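S.K.: Quick one, input-v7.txt (compact mmCIF, C-alpha atoms):
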```txt
# COMPACT_ATOMS: atom_id res chain seq x y z
CA MET F 14 98.09 79.57 119.94
CA ASP F 15 97.79 77.65 123.16
CA ASN F 16 98.43 73.96 123.07
CA ASP F 17 97.64 73.16 126.67
CA LYS F 18 95.88 69.82 126.84
CA ASN F 19 93.62 69.12 129.71
CA GLU F 20 94.98 66.18 131.59
CA GLU F 21 92.75 63.54 133.10
CA ARG F 22 92.11 64.51 136.66
CA PRO F 23 91.01 62.27 139.52
CA ALA F 24 87.30 62.30 140.38
CA MET F 25 86.38 65.28 142.52
CA GLN F 26 84.38 65.59 145.69
CA PRO F 27 81.17 67.65 145.40
CA GLN F 28 82.50 70.35 147.77
CA ASP F 29 85.63 70.75 145.61
CA GLU F 30 83.47 71.17 142.57
CA ALA F 31 81.33 73.81 144.25
CA ALA F 32 84.45 75.79 145.14
CA LEU F 33 85.77 75.46 141.60
CA LEU F 34 82.46 76.62 140.17
CA ASP F 35 82.52 79.65 142.48
CA GLU F 36 86.00 80.55 141.29
CA PHE F 37 85.00 80.05 137.64
CA GLU F 38 81.97 82.29 138.03
CA ARG F 39 84.03 84.90 139.86
CA LYS F 40 86.41 85.05 136.86
CA ILE F 41 83.53 85.36 134.41
CA LYS F 42 81.97 88.14 136.47
CA ALA F 43 85.29 89.98 136.81
CA GLU F 44 85.85 89.84 133.01
CA GLU F 45 88.91 87.64 133.50
CA LYS F 46 89.37 85.25 130.60
CA ILE F 47 89.14 81.51 131.12
CA GLU F 48 92.36 79.81 129.95
CA PRO F 49 92.80 76.17 128.84
CA THR F 50 94.35 74.93 132.09
CA ASP F 51 91.57 76.43 134.25
CA TRP F 52 88.75 74.34 135.62
CA MET F 53 85.50 74.94 133.73
CA PRO F 54 82.01 73.43 133.91
CA GLU F 55 81.49 70.58 131.45
CA ALA F 56 78.58 72.45 129.86
CA TYR F 57 80.80 75.51 129.25
CA ARG F 58 83.38 73.32 127.55
CA LYS F 59 80.74 71.56 125.43
CA ASN F 60 79.05 74.80 124.47
CA LEU F 61 82.40 76.27 123.41
CA ILE F 62 83.36 73.20 121.41
CA ARG F 63 80.01 73.37 119.61
CA GLN F 64 80.28 77.07 118.79
CA MET F 65 84.01 77.20 117.99
CA SER F 66 84.08 74.07 115.84
CA GLN F 67 81.01 75.33 113.97
CA HIS F 68 82.88 78.58 113.42
CA ALA F 69 85.98 76.70 112.17
CA HIS F 70 83.89 74.53 109.83
CA SER F 71 82.25 77.67 108.42
CA GLU F 72 85.64 79.13 107.51
CA VAL F 73 86.66 75.97 105.68
CA ILE F 74 83.33 75.21 103.95
CA GLY F 75 83.14 78.90 103.03
CA MET F 76 86.15 78.40 100.76
CA GLN F 77 83.97 76.41 98.33
CA PRO F 78 81.44 78.95 97.01
CA GLU F 79 84.21 81.49 96.40
CA GLY F 80 86.70 78.92 95.16
CA ASN F 81 84.14 78.19 92.46
CA TRP F 82 85.13 81.47 90.75
CA ILE F 83 88.92 81.42 91.08
CA SER F 84 89.48 79.86 87.65
CA ARG F 85 86.88 82.16 86.06
CA SER F 86 87.83 85.49 87.62
CA PRO F 87 87.40 88.34 85.12
CA SER F 88 91.04 89.54 85.42
CA LEU F 89 94.40 88.42 86.74
CA ARG F 90 94.13 90.99 89.54
CA ARG F 91 90.74 89.67 90.61
CA LYS F 92 92.08 86.15 90.50
CA ALA F 93 95.06 87.01 92.72
CA VAL F 94 92.77 88.83 95.17
CA LEU F 95 90.29 85.96 95.34
CA LEU F 96 93.07 83.41 95.82
CA ALA F 97 94.46 85.50 98.67
CA LYS F 98 91.04 85.75 100.29
CA VAL F 99 90.28 82.04 100.06
CA GLN F 100 93.76 81.34 101.44
CA ASP F 101 92.94 83.59 104.42
CA GLU F 102 89.74 81.62 105.09
CA GLY F 103 91.76 78.42 105.27
CA GLY F 104 94.06 80.13 107.74
CA HIS F 105 91.11 81.28 109.84
CA GLY F 106 89.91 77.69 109.94
CA LEU F 107 93.31 76.67 111.30
CA TYR F 108 93.31 79.36 114.03
CA LEU F 109 89.87 78.22 115.14
CA TYR F 110 90.51 74.47 114.99
CA SER F 111 93.69 74.95 117.04
CA ALA F 112 91.85 77.08 119.59
CA THR F 113 89.10 74.45 119.84
CA GLU F 114 91.68 71.70 120.38
CA THR F 115 92.70 73.41 123.64
CA LEU F 116 89.33 72.19 124.98
CA GLY F 117 90.39 68.57 124.63
CA ILE F 118 88.80 67.57 121.31
CA SER F 119 90.95 66.35 118.41
CA ARG F 120 91.01 67.70 114.86
CA SER F 121 89.91 64.34 113.45
CA GLU F 122 86.90 64.20 115.80
CA MET F 123 85.82 67.63 114.62
CA ILE F 124 86.22 66.76 110.95
CA GLU F 125 84.31 63.54 111.49
CA ALA F 126 81.46 65.51 113.13
CA LEU F 127 81.36 67.88 110.15
CA GLN F 128 81.38 65.13 107.57
CA THR F 129 78.66 63.10 109.28
CA GLY F 130 76.41 66.13 109.78
CA LYS F 131 76.70 66.12 113.58
CA ALA F 132 78.35 69.54 113.52
CA LYS F 133 76.88 72.49 111.64
CA TYR F 134 78.43 75.36 109.72
CA ALA F 135 77.07 78.75 108.63
CA SER F 136 74.01 78.02 106.51
CA ILE F 137 74.88 80.78 104.03
CA PHE F 138 77.52 78.58 102.42
CA ASN F 139 74.78 76.23 101.24
CA TYR F 140 73.75 78.80 98.64
CA PRO F 141 75.37 78.64 95.18
CA THR F 142 77.55 81.36 93.62
CA LEU F 143 75.79 81.80 90.28
CA THR F 144 77.52 84.91 88.91
CA TRP F 145 80.75 86.84 89.38
CA ALA F 146 78.80 89.46 91.35
CA ASP F 147 78.23 86.80 94.02
CA VAL F 148 81.94 86.96 94.87
CA GLY F 149 81.44 90.68 95.50
CA ALA F 150 78.25 90.14 97.50
CA ILE F 151 79.88 87.48 99.67
CA GLY F 152 82.90 89.63 100.50
CA TRP F 153 80.74 92.64 101.26
CA LEU F 154 77.68 91.09 102.96
CA VAL F 155 78.77 87.69 104.27
CA ASP F 156 82.17 88.83 105.51
CA GLY F 157 80.49 92.05 106.65
CA ALA F 158 78.04 90.09 108.80
CA ALA F 159 80.84 87.84 110.03
CA ILE F 160 82.86 90.91 111.09
CA VAL F 161 79.97 92.27 113.18
CA ASN F 162 79.73 88.93 114.94
CA GLN F 163 83.48 88.48 115.33
CA ILE F 164 84.15 91.97 116.69
CA SER F 165 81.68 91.14 119.43
CA LEU F 166 83.38 87.76 120.01
CA GLN F 167 86.77 89.40 120.59
CA ARG F 168 85.38 89.90 124.10
CA THR F 169 84.32 86.26 124.56
CA SER F 170 85.24 84.78 127.94
CA TYR F 171 87.44 81.96 126.58
CA GLY F 172 91.02 83.22 126.06
CA PRO F 173 92.07 81.18 123.00
CA TYR F 174 88.78 81.98 121.21
CA SER F 175 89.15 85.67 121.99
CA ARG F 176 92.72 85.74 120.68
CA ALA F 177 91.73 83.88 117.49
CA MET F 178 88.95 86.44 116.92
CA ILE F 179 91.37 89.34 117.34
CA ARG F 180 93.71 87.84 114.76
CA ILE F 181 90.88 87.08 112.35
CA CYS F 182 89.29 90.53 112.61
CA LYS F 183 92.61 92.12 111.64
CA GLU F 184 92.46 90.20 108.37
CA GLU F 185 88.76 90.59 107.57
CA SER F 186 88.77 94.24 106.51
CA PHE F 187 90.51 93.37 103.25
CA HIS F 188 87.85 90.74 102.55
CA GLN F 189 84.94 93.11 102.90
CA ARG F 190 86.60 95.93 100.98
CA GLN F 191 87.52 93.79 97.97
CA GLY F 192 83.91 92.56 97.88
CA TYR F 193 82.49 96.06 98.04
CA GLU F 194 84.92 97.21 95.35
CA ILE F 195 83.57 94.48 93.02
CA MET F 196 79.98 95.53 93.78
CA TYR F 197 80.80 99.22 93.30
CA GLN F 198 82.41 98.65 89.90
CA LEU F 199 79.48 96.53 88.72
CA ALA F 200 76.89 98.95 90.11
CA LYS F 201 78.59 101.84 88.30
CA GLY F 202 79.13 99.79 85.13
CA THR F 203 76.82 98.87 82.22
CA PRO F 204 73.08 98.33 82.87
CA GLU F 205 73.70 94.57 82.63
CA GLN F 206 76.48 94.74 85.23
CA LYS F 207 74.34 96.85 87.53
CA GLN F 208 71.51 94.33 87.19
CA MET F 209 73.93 91.52 88.03
CA ALA F 210 74.97 93.34 91.21
CA GLN F 211 71.33 93.98 92.13
CA ASP F 212 70.36 90.34 91.60
CA SER F 213 73.29 89.08 93.62
CA MET F 214 72.61 91.43 96.54
CA ASN F 215 68.93 90.44 96.50
CA ARG F 216 69.86 86.76 96.78
CA PHE F 217 72.51 87.17 99.49
CA TRP F 218 70.75 89.79 101.63
CA TRP F 219 68.36 87.47 103.47
CA PRO F 220 70.80 84.60 104.03
CA SER F 221 73.26 87.21 105.40
CA LEU F 222 70.68 88.31 107.97
CA MET F 223 70.08 84.64 108.84
CA MET F 224 73.80 84.30 109.70
CA PHE F 225 73.08 85.91 113.06
CA GLY F 226 70.85 82.98 113.97
CA PRO F 227 67.26 82.77 115.22
CA HIS F 228 65.51 85.58 117.08
CA ASP F 229 66.67 85.87 120.70
CA SER F 230 63.34 84.45 121.85
CA GLU F 231 63.92 81.30 119.75
CA SER F 232 67.64 80.76 120.19
CA ALA F 233 68.43 77.44 121.89
CA HIS F 234 71.91 78.21 123.23
CA SER F 235 71.81 81.97 123.67
CA GLY F 236 70.77 82.33 127.31
CA GLN F 237 73.51 80.17 128.78
CA SER F 238 76.10 81.49 126.29
CA MET F 239 75.35 85.07 127.30
CA LYS F 240 75.46 84.19 131.00
CA TRP F 241 78.91 82.64 130.59
CA LYS F 242 79.92 85.49 128.27
CA ILE F 243 80.76 83.12 125.44
CA LYS F 244 78.49 85.41 123.42
CA ARG F 245 78.52 89.10 124.33
CA GLN F 246 75.63 90.47 122.29
CA SER F 247 72.40 88.81 121.26
CA ASN F 248 71.56 87.61 117.74
CA ASP F 249 68.99 90.36 117.22
CA GLU F 250 71.27 93.11 118.52
CA LEU F 251 74.07 92.06 116.14
CA ARG F 252 71.67 91.68 113.21
CA GLN F 253 70.36 95.22 113.79
CA LYS F 254 73.91 96.53 113.90
CA PHE F 255 74.65 94.89 110.55
CA ILE F 256 71.49 96.30 108.94
CA ASP F 257 72.24 99.79 110.26
CA GLN F 258 75.75 99.81 108.87
CA THR F 259 74.87 98.16 105.54
CA VAL F 260 71.88 100.24 104.39
CA PRO F 261 74.00 103.38 103.75
CA GLN F 262 76.44 101.19 101.80
CA ILE F 263 73.57 100.04 99.56
CA GLU F 264 72.66 103.70 99.00
CA VAL F 265 76.21 104.49 97.87
CA LEU F 266 75.99 101.65 95.34
CA GLY F 267 72.76 103.19 94.01
CA LEU F 268 70.96 99.84 94.09
CA GLU F 269 67.34 99.18 95.07
CA MET F 270 66.85 98.04 98.67
CA PRO F 271 66.64 94.23 98.82
CA ASP F 272 63.77 94.54 101.32
CA PRO F 273 60.97 97.06 100.60
CA GLU F 274 60.28 97.39 104.33
CA ILE F 275 63.67 98.90 105.11
CA LYS F 276 62.96 102.33 106.56
CA TRP F 277 64.73 104.61 109.02
CA ASN F 278 62.95 104.71 112.35
CA GLU F 279 63.72 108.03 113.98
CA GLU F 280 62.31 107.00 117.32
CA ARG F 281 64.36 103.80 117.63
CA GLY F 282 67.42 105.29 115.94
CA HIS F 283 67.63 102.16 113.80
CA TYR F 284 66.41 100.89 110.45
CA ASP F 285 63.22 98.84 110.48
CA SER F 286 63.15 95.85 108.15
CA GLY F 287 60.94 92.99 107.03
CA GLU F 288 60.63 89.57 108.66
CA ILE F 289 63.07 86.83 107.71
CA ASN F 290 61.74 83.63 106.14
CA TRP F 291 62.55 81.35 109.07
CA GLU F 292 61.15 78.30 107.38
CA GLU F 293 63.88 78.64 104.76
CA PHE F 294 66.47 79.14 107.51
CA TYR F 295 65.55 75.88 109.26
CA GLN F 296 65.35 73.98 105.98
CA VAL F 297 68.86 75.03 105.02
CA ILE F 298 70.26 74.43 108.52
CA ASN F 299 68.73 70.97 108.53
CA GLY F 300 70.30 69.90 105.28
CA SER F 301 67.84 70.86 102.54
CA GLY F 302 69.57 73.98 101.19
CA PRO F 303 70.57 74.16 97.53
CA CYS F 304 74.17 73.02 98.11
CA ASN F 305 74.33 71.17 101.48
CA HIS F 306 74.96 67.80 99.88
CA GLN F 307 77.54 69.17 97.43
CA ARG F 308 79.50 71.03 100.15
CA ILE F 309 79.97 67.98 102.36
CA LYS F 310 80.60 65.66 99.43
CA HIS F 311 83.35 67.98 98.22
CA HIS F 312 84.85 68.23 101.70
CA VAL F 313 84.98 64.43 102.01
CA LYS F 314 86.54 64.11 98.55
CA ALA F 315 89.17 66.78 99.27
CA HIS F 316 89.95 65.07 102.57
CA GLU F 317 90.31 61.66 100.92
CA ASP F 318 92.32 63.06 98.01
CA GLY F 319 94.72 64.52 100.57
CA GLU F 320 95.35 61.17 102.26
CA TRP F 321 98.55 60.56 100.25
CA VAL F 322 100.03 63.76 101.71
CA ARG F 323 99.32 62.67 105.28
CA GLU F 324 100.71 59.26 104.45
CA ALA F 325 103.89 60.84 103.08
CA VAL F 326 104.25 62.89 106.26
CA ARG F 327 103.94 59.78 108.41
CA ALA F 328 106.45 57.88 106.25
CA TYR F 329 108.91 60.78 106.45
CA ARG F 330 108.58 60.95 110.23
CA ALA F 331 109.10 57.19 110.58
CA LYS F 332 112.18 57.38 108.35
CA GLN F 333 113.64 60.29 110.33
CA GLN F 334 113.04 58.43 113.58
CA ALA F 335 114.68 55.26 112.30
CA LYS F 336 117.66 57.33 111.13
CA SER F 337 118.13 59.06 114.48
CA GLU F 338 117.86 55.73 116.33
CA GLU F 339 120.47 54.28 113.97
CA ASN F 340 122.78 57.22 114.68
CA ALA F 341 122.26 56.88 118.42
CA ALA F 342 123.09 53.15 118.37
CA MET R 25 129.50 72.28 136.97
CA SER R 26 129.49 75.78 135.54
CA GLN R 27 126.23 77.44 134.68
CA GLU R 28 127.12 77.50 130.98
CA HIS R 29 126.78 73.73 130.87
CA LEU R 30 123.18 73.88 131.91
CA ALA R 31 120.48 73.95 129.29
CA VAL R 32 119.10 77.31 128.12
CA TYR R 33 115.40 77.85 128.54
CA GLU R 34 113.38 80.58 126.84
CA VAL R 35 110.77 82.19 129.07
CA PHE R 36 107.29 83.33 127.99
CA VAL R 37 104.98 85.27 130.30
CA ARG R 38 101.27 85.98 130.04
CA SER R 39 100.84 89.38 131.65
CA ALA R 40 97.07 89.02 132.13
CA ARG R 41 94.39 86.47 131.42
CA GLY R 42 93.23 86.67 127.83
CA LEU R 43 96.57 87.88 126.42
CA ASP R 44 99.20 85.90 124.52
CA HIS R 45 102.29 84.61 126.28
CA LYS R 46 105.16 86.91 125.26
CA HIS R 47 108.85 86.13 125.18
CA VAL R 48 110.60 87.93 128.02
CA GLY R 49 114.08 86.38 128.15
CA SER R 50 116.00 83.22 128.94
CA LEU R 51 117.85 81.46 131.73
CA HIS R 52 119.94 78.38 132.52
CA ALA R 53 118.39 75.50 134.45
CA GLU R 54 118.94 71.83 135.20
CA SER R 55 115.36 70.78 134.47
CA PRO R 56 112.10 72.25 133.13
CA GLU R 57 110.67 72.34 136.66
CA HIS R 58 113.63 74.32 137.94
CA ALA R 59 113.47 76.59 134.91
CA LEU R 60 109.89 77.41 135.86
CA MET R 61 110.89 78.30 139.43
CA TYR R 62 113.83 80.43 138.30
CA ALA R 63 111.58 82.15 135.76
CA ARG R 64 109.16 83.00 138.55
CA ASP R 65 112.01 84.40 140.64
CA CYS R 66 113.60 86.31 137.76
CA TYR R 67 110.78 87.56 135.62
CA ILE R 68 107.61 88.03 137.66
CA ARG R 69 108.84 89.44 140.95
CA ARG R 70 106.54 92.45 140.52
CA SER R 71 103.31 90.83 139.34
CA GLU R 72 104.39 90.99 135.71
CA GLY R 73 102.43 87.89 134.86
CA VAL R 74 99.84 85.29 135.69
CA SER R 75 101.26 82.39 133.68
CA ILE R 76 104.74 81.29 132.58
CA TRP R 77 105.90 78.92 129.84
CA VAL R 78 109.47 77.70 129.70
CA VAL R 79 110.80 75.98 126.59
CA GLU R 80 114.25 74.51 126.24
CA ALA R 81 115.93 76.70 123.62
CA LYS R 82 117.19 73.73 121.59
CA ASN R 83 113.55 72.75 120.99
CA ILE R 84 112.83 75.99 119.20
CA THR R 85 113.17 75.99 115.43
CA ALA R 86 113.82 79.53 114.30
CA SER R 87 113.93 81.25 110.92
CA GLN R 88 117.41 82.38 109.88
CA ASP R 89 118.31 85.92 108.86
CA GLU R 90 119.98 84.73 105.68
CA ASP R 91 116.78 82.91 104.63
CA LEU R 92 114.60 85.91 105.33
CA GLU R 93 114.54 87.08 101.73
CA ASN R 94 112.89 83.88 100.58
CA PHE R 95 110.54 83.94 103.54
CA VAL R 96 109.29 87.49 103.36
CA GLU R 97 109.92 88.83 99.88
CA PRO R 98 107.06 86.98 98.19
CA MET R 99 104.68 88.94 100.46
CA ASP R 100 105.98 92.32 99.27
CA ASP R 101 104.45 92.00 95.80
CA LYS R 102 100.96 91.22 97.15
CA PRO R 103 99.67 94.66 98.19
CA TYR R 104 96.12 93.43 97.60
CA ARG R 105 96.32 91.51 100.90
CA HIS R 106 96.07 94.86 102.67
CA ALA R 107 92.78 96.60 103.31
CA THR R 108 94.28 99.94 102.21
CA HIS R 109 94.76 98.60 98.67
CA TYR R 110 91.04 99.07 97.97
CA VAL R 111 89.93 102.62 97.16
CA LEU R 112 86.30 103.18 98.21
CA PRO R 113 84.08 106.29 98.24
CA ASP R 114 84.68 108.42 101.35
CA SER R 115 81.25 107.82 102.85
CA VAL R 116 81.83 104.05 103.11
CA ASN R 117 85.60 104.13 103.60
CA ASN R 118 85.38 103.14 107.29
CA MET R 119 84.61 99.56 106.21
```
Produce structure tokens that represent the structure in this file.
M.R.:
Amino acid sequence: MDNDKNEERPAMQPQDEAALLDEFERKIKAEEKIEPTDWMPEAYRKNLIRQMSQHAHSEVIGMQPEGNWISRSPSLRRKAVLLAKVQDEGGHGLYLYSATETLGISRSEMIEALQTGKAKYASIFNYPTLTWADVGAIGWLVDGAAIVNQISLQRTSYGPYSRAMIRICKEESFHQRQGYEIMYQLAKGTPEQKQMAQDSMNRFWWPSLMMFGPHDSESAHSGQSMKWKIKRQSNDELRQKFIDQTVPQIEVLGLEMPDPEIKWNEERGHYDSGEINWEEFYQVINGSGPCNHQRIKHHVKAHEDGEWVREAVRAYRAKQQAKSEENAA
Amino acid sequence: MSQEHLAVYEVFVRSARGLDHKHVGSLHAESPEHALMYARDCYIRRSEGVSIWVVEAKNITASQDEDLENFVEPMDDKPYRHATHYVLPDSVNNM
């Protein structure tokens, strides 16, 4: 992970800035990555900080709905698997926070923005995990949707973000497969288990589609992000890709389609599907989802409960420093 | 002063934008700035890289071979961390 910090630079003349912008745009056009020590437009930096920190927050907040089932996993194997998955999500948060820090924002600023609602995270984590099948549905659908997005982001123009995506994608396959395995076992189990899988998929299907964000025509940041190659494919393109790859997986499970309008369109070479309830999407994004309040409250509590650890670290460092000064004297 | 009394620097080179810096070797130098110049002269004479990091070797904390068992062994009994641990029907096995 890069740790380059951008140093304060003296104020620039307009002609310098124009030359720097030319060079920046040349790199973007030539598919050369932008690295932390390169000059970049302020709006590029801001846009990246917004997107990357939101991505990092999603990894960390996403630990909560799944963590809810660790102590109630149906077997020791499932418990070990779920623990390993949630641990991975924490790690992904770290990769992404570190990559975001190369843009000159501190970890504490990002956490503050999350806790005060200034920064967003994936709205899907504001839905509750009501049954064990939800752990399966999240691994399969939510991680599945995240993978589609993240594979595309491996080609993002910002070097540290691209490298974090490559690392994360390597670890995601396990997440989706363990989720699908849970769904498969339930779907092939007793009628009650199959119903549980069906209900869970029905609840997580639409929020999974919402993960790709608003339609391209409505997306506030998309145009500039695509131009600067922060994003490489549009929300609607990625969403279609996810639908196309997931429908056959639903067929293998033998479950009913969660959307009656899903139908193969020979002409387009894609599946058609019904319209998303965007009103629900904006409600959840803006804080009125079923668990928004609980997620942030829990994050604040966990952060405050961890204060004694940070305090111990500081005390240890101070002690070590005092000792080495004593030895030097 | 013989060269051996100079500090050892480890050299990391980024071969192209977008890639990680990779360790390529080490050298002796009297300061970080000189280490950077020597690294340029030694390691990227043929356009091997677009960015160099030099780190004084004494500032690197490394794992020790004799500790490796404790470091790595706990991972060996967690096969479920690997994607291949999960057996899925053939038609969806590309997941």
S.K.: Give me the residues within 12 Å of R:Val74 as a list in words, counting all atoms listed in the file and dropping any in the same chain fewer than 2 places off.
M.R.: Glu45, Lys46 and Glu48 of chain F; Phe36, Val37, Arg38, Ser39, Ala40, Arg41, Gly42, Leu43, Asp44, His45, Lys46, Arg64, Tyr67, Ile68, Arg69, Arg70, Ser71, Glu72, Ile76 and Trp77 of chain R
S.K.: For chain F against chain R, which residues fall within 7 Å using all atoms listed in the file, given as a PDB file with C-alpha atoms, in the coordinates of the input?
M.R.:
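iface26.pdb, freshly written:
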```
ATOM      1  CA  GLU F  45      88.910  87.640 133.500  1.00  0.00           C
ATOM      2  CA  LYS F  46      89.370  85.250 130.600  1.00  0.00           C
ATOM      3  CA  VAL F  94      92.770  88.830  95.170  1.00  0.00           C
ATOM      4  CA  ALA F  97      94.460  85.500  98.670  1.00  0.00           C
ATOM      5  CA  GLY F 172      91.020  83.220 126.060  1.00  0.00           C
ATOM      6  CA  SER F 186      88.770  94.240 106.510  1.00  0.00           C
ATOM      7  CA  PHE F 187      90.510  93.370 103.250  1.00  0.00           C
ATOM      8  CA  ARG F 190      86.600  95.930 100.980  1.00  0.00           C
ATOM      9  CA  GLN F 191      87.520  93.790  97.970  1.00  0.00           C
ATOM     10  CA  GLU F 194      84.920  97.210  95.350  1.00  0.00           C
ATOM     11  CA  GLN F 262      76.440 101.190 101.800  1.00  0.00           C
TER      12      GLN F 262
END
```
S.K.: Need the shell around stretch 309-319 of chain F: protein/DNA/RNA residues with any atom at most 10 Å away, counting all atoms listed in the file. Skip same-chain ones fewer than 3 positions apart. Format as number ranges by chain?
M.R.: F: 73-74, 77, 124-125, 127-130, 139, 304-306, 322-324
S.K.: Which distance in Å separates atom CA of F:Ala132 and atom CA of F:His228, to one decimal?
M.R.: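 It comes out at 20.9 Å.
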S.K.: So what do you get for atom CA of F:Gly75 versus atom CA of F:Gly236, distance-wise?
M.R.: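 Atom-to-atom, atom CA of F:Gly75 to atom CA of F:Gly236, that is 27.5 Å.
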S.K.: Smallest atom-to-atom distance to R:His29: which of R:Glu80, R:Gly73, R:Asp89, R:His52, using all atoms listed in the file?
M.R.: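 Once distances to R:His29 are computed over all atoms listed in the file, the minimum belongs to R:His52.
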S.K.: To one decimal in Å, tell me the separation between atom CA of F:Thr142 and atom CA of F:Ser121.
M.R.: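 Interatomic distance, atom CA of F:Thr142 to atom CA of F:Ser121: 28.9 Å.
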S.K.: Fewer than 2 positions away in the same chain doesn't count, so skip those; otherwise give me all residues within 8 Å of F:Val148, counting all atoms listed in the file, as a PyMOL selection string.
M.R.: chain F and resi 79+82+142+144-146+150-152+192+195
S.K.: Using the selection just defined, write its residues with C-alpha atoms as a CSV table (one decimal), in the coordinates of the input.
M.R.:
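As a result, selection_29.csv now contains:
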```csv
chain,number,residue,atom,x,y,z
F,79,GLU,CA,84.2,81.5,96.4
F,82,TRP,CA,85.1,81.5,90.8
F,142,THR,CA,77.6,81.4,93.6
F,144,THR,CA,77.5,84.9,88.9
F,145,TRP,CA,80.8,86.8,89.4
F,146,ALA,CA,78.8,89.5,91.4
F,150,ALA,CA,78.2,90.1,97.5
F,151,ILE,CA,79.9,87.5,99.7
F,152,GLY,CA,82.9,89.6,100.5
F,192,GLY,CA,83.9,92.6,97.9
F,195,ILE,CA,83.6,94.5,93.0
```
S.K.: Return the single residue from F:Val260, F:Met223, F:Ala342, F:Leu34 that is closest to F:Ile289, with distances computed using all atoms listed in the file.
M.R.: F:Met223
S.K.: Would you pick out the contacts of stretch 177-184 of chain F at 10 Å or less, using all atoms listed in the file, so that residues sharing its chain but fewer than 2 positions from it are not included, and give the list as a VMD selection string?
M.R.: (chain F and resid 14 98 101 to 102 104 to 112 159 to 169 172 to 175 186 to 189) or (chain R and resid 105 to 107)
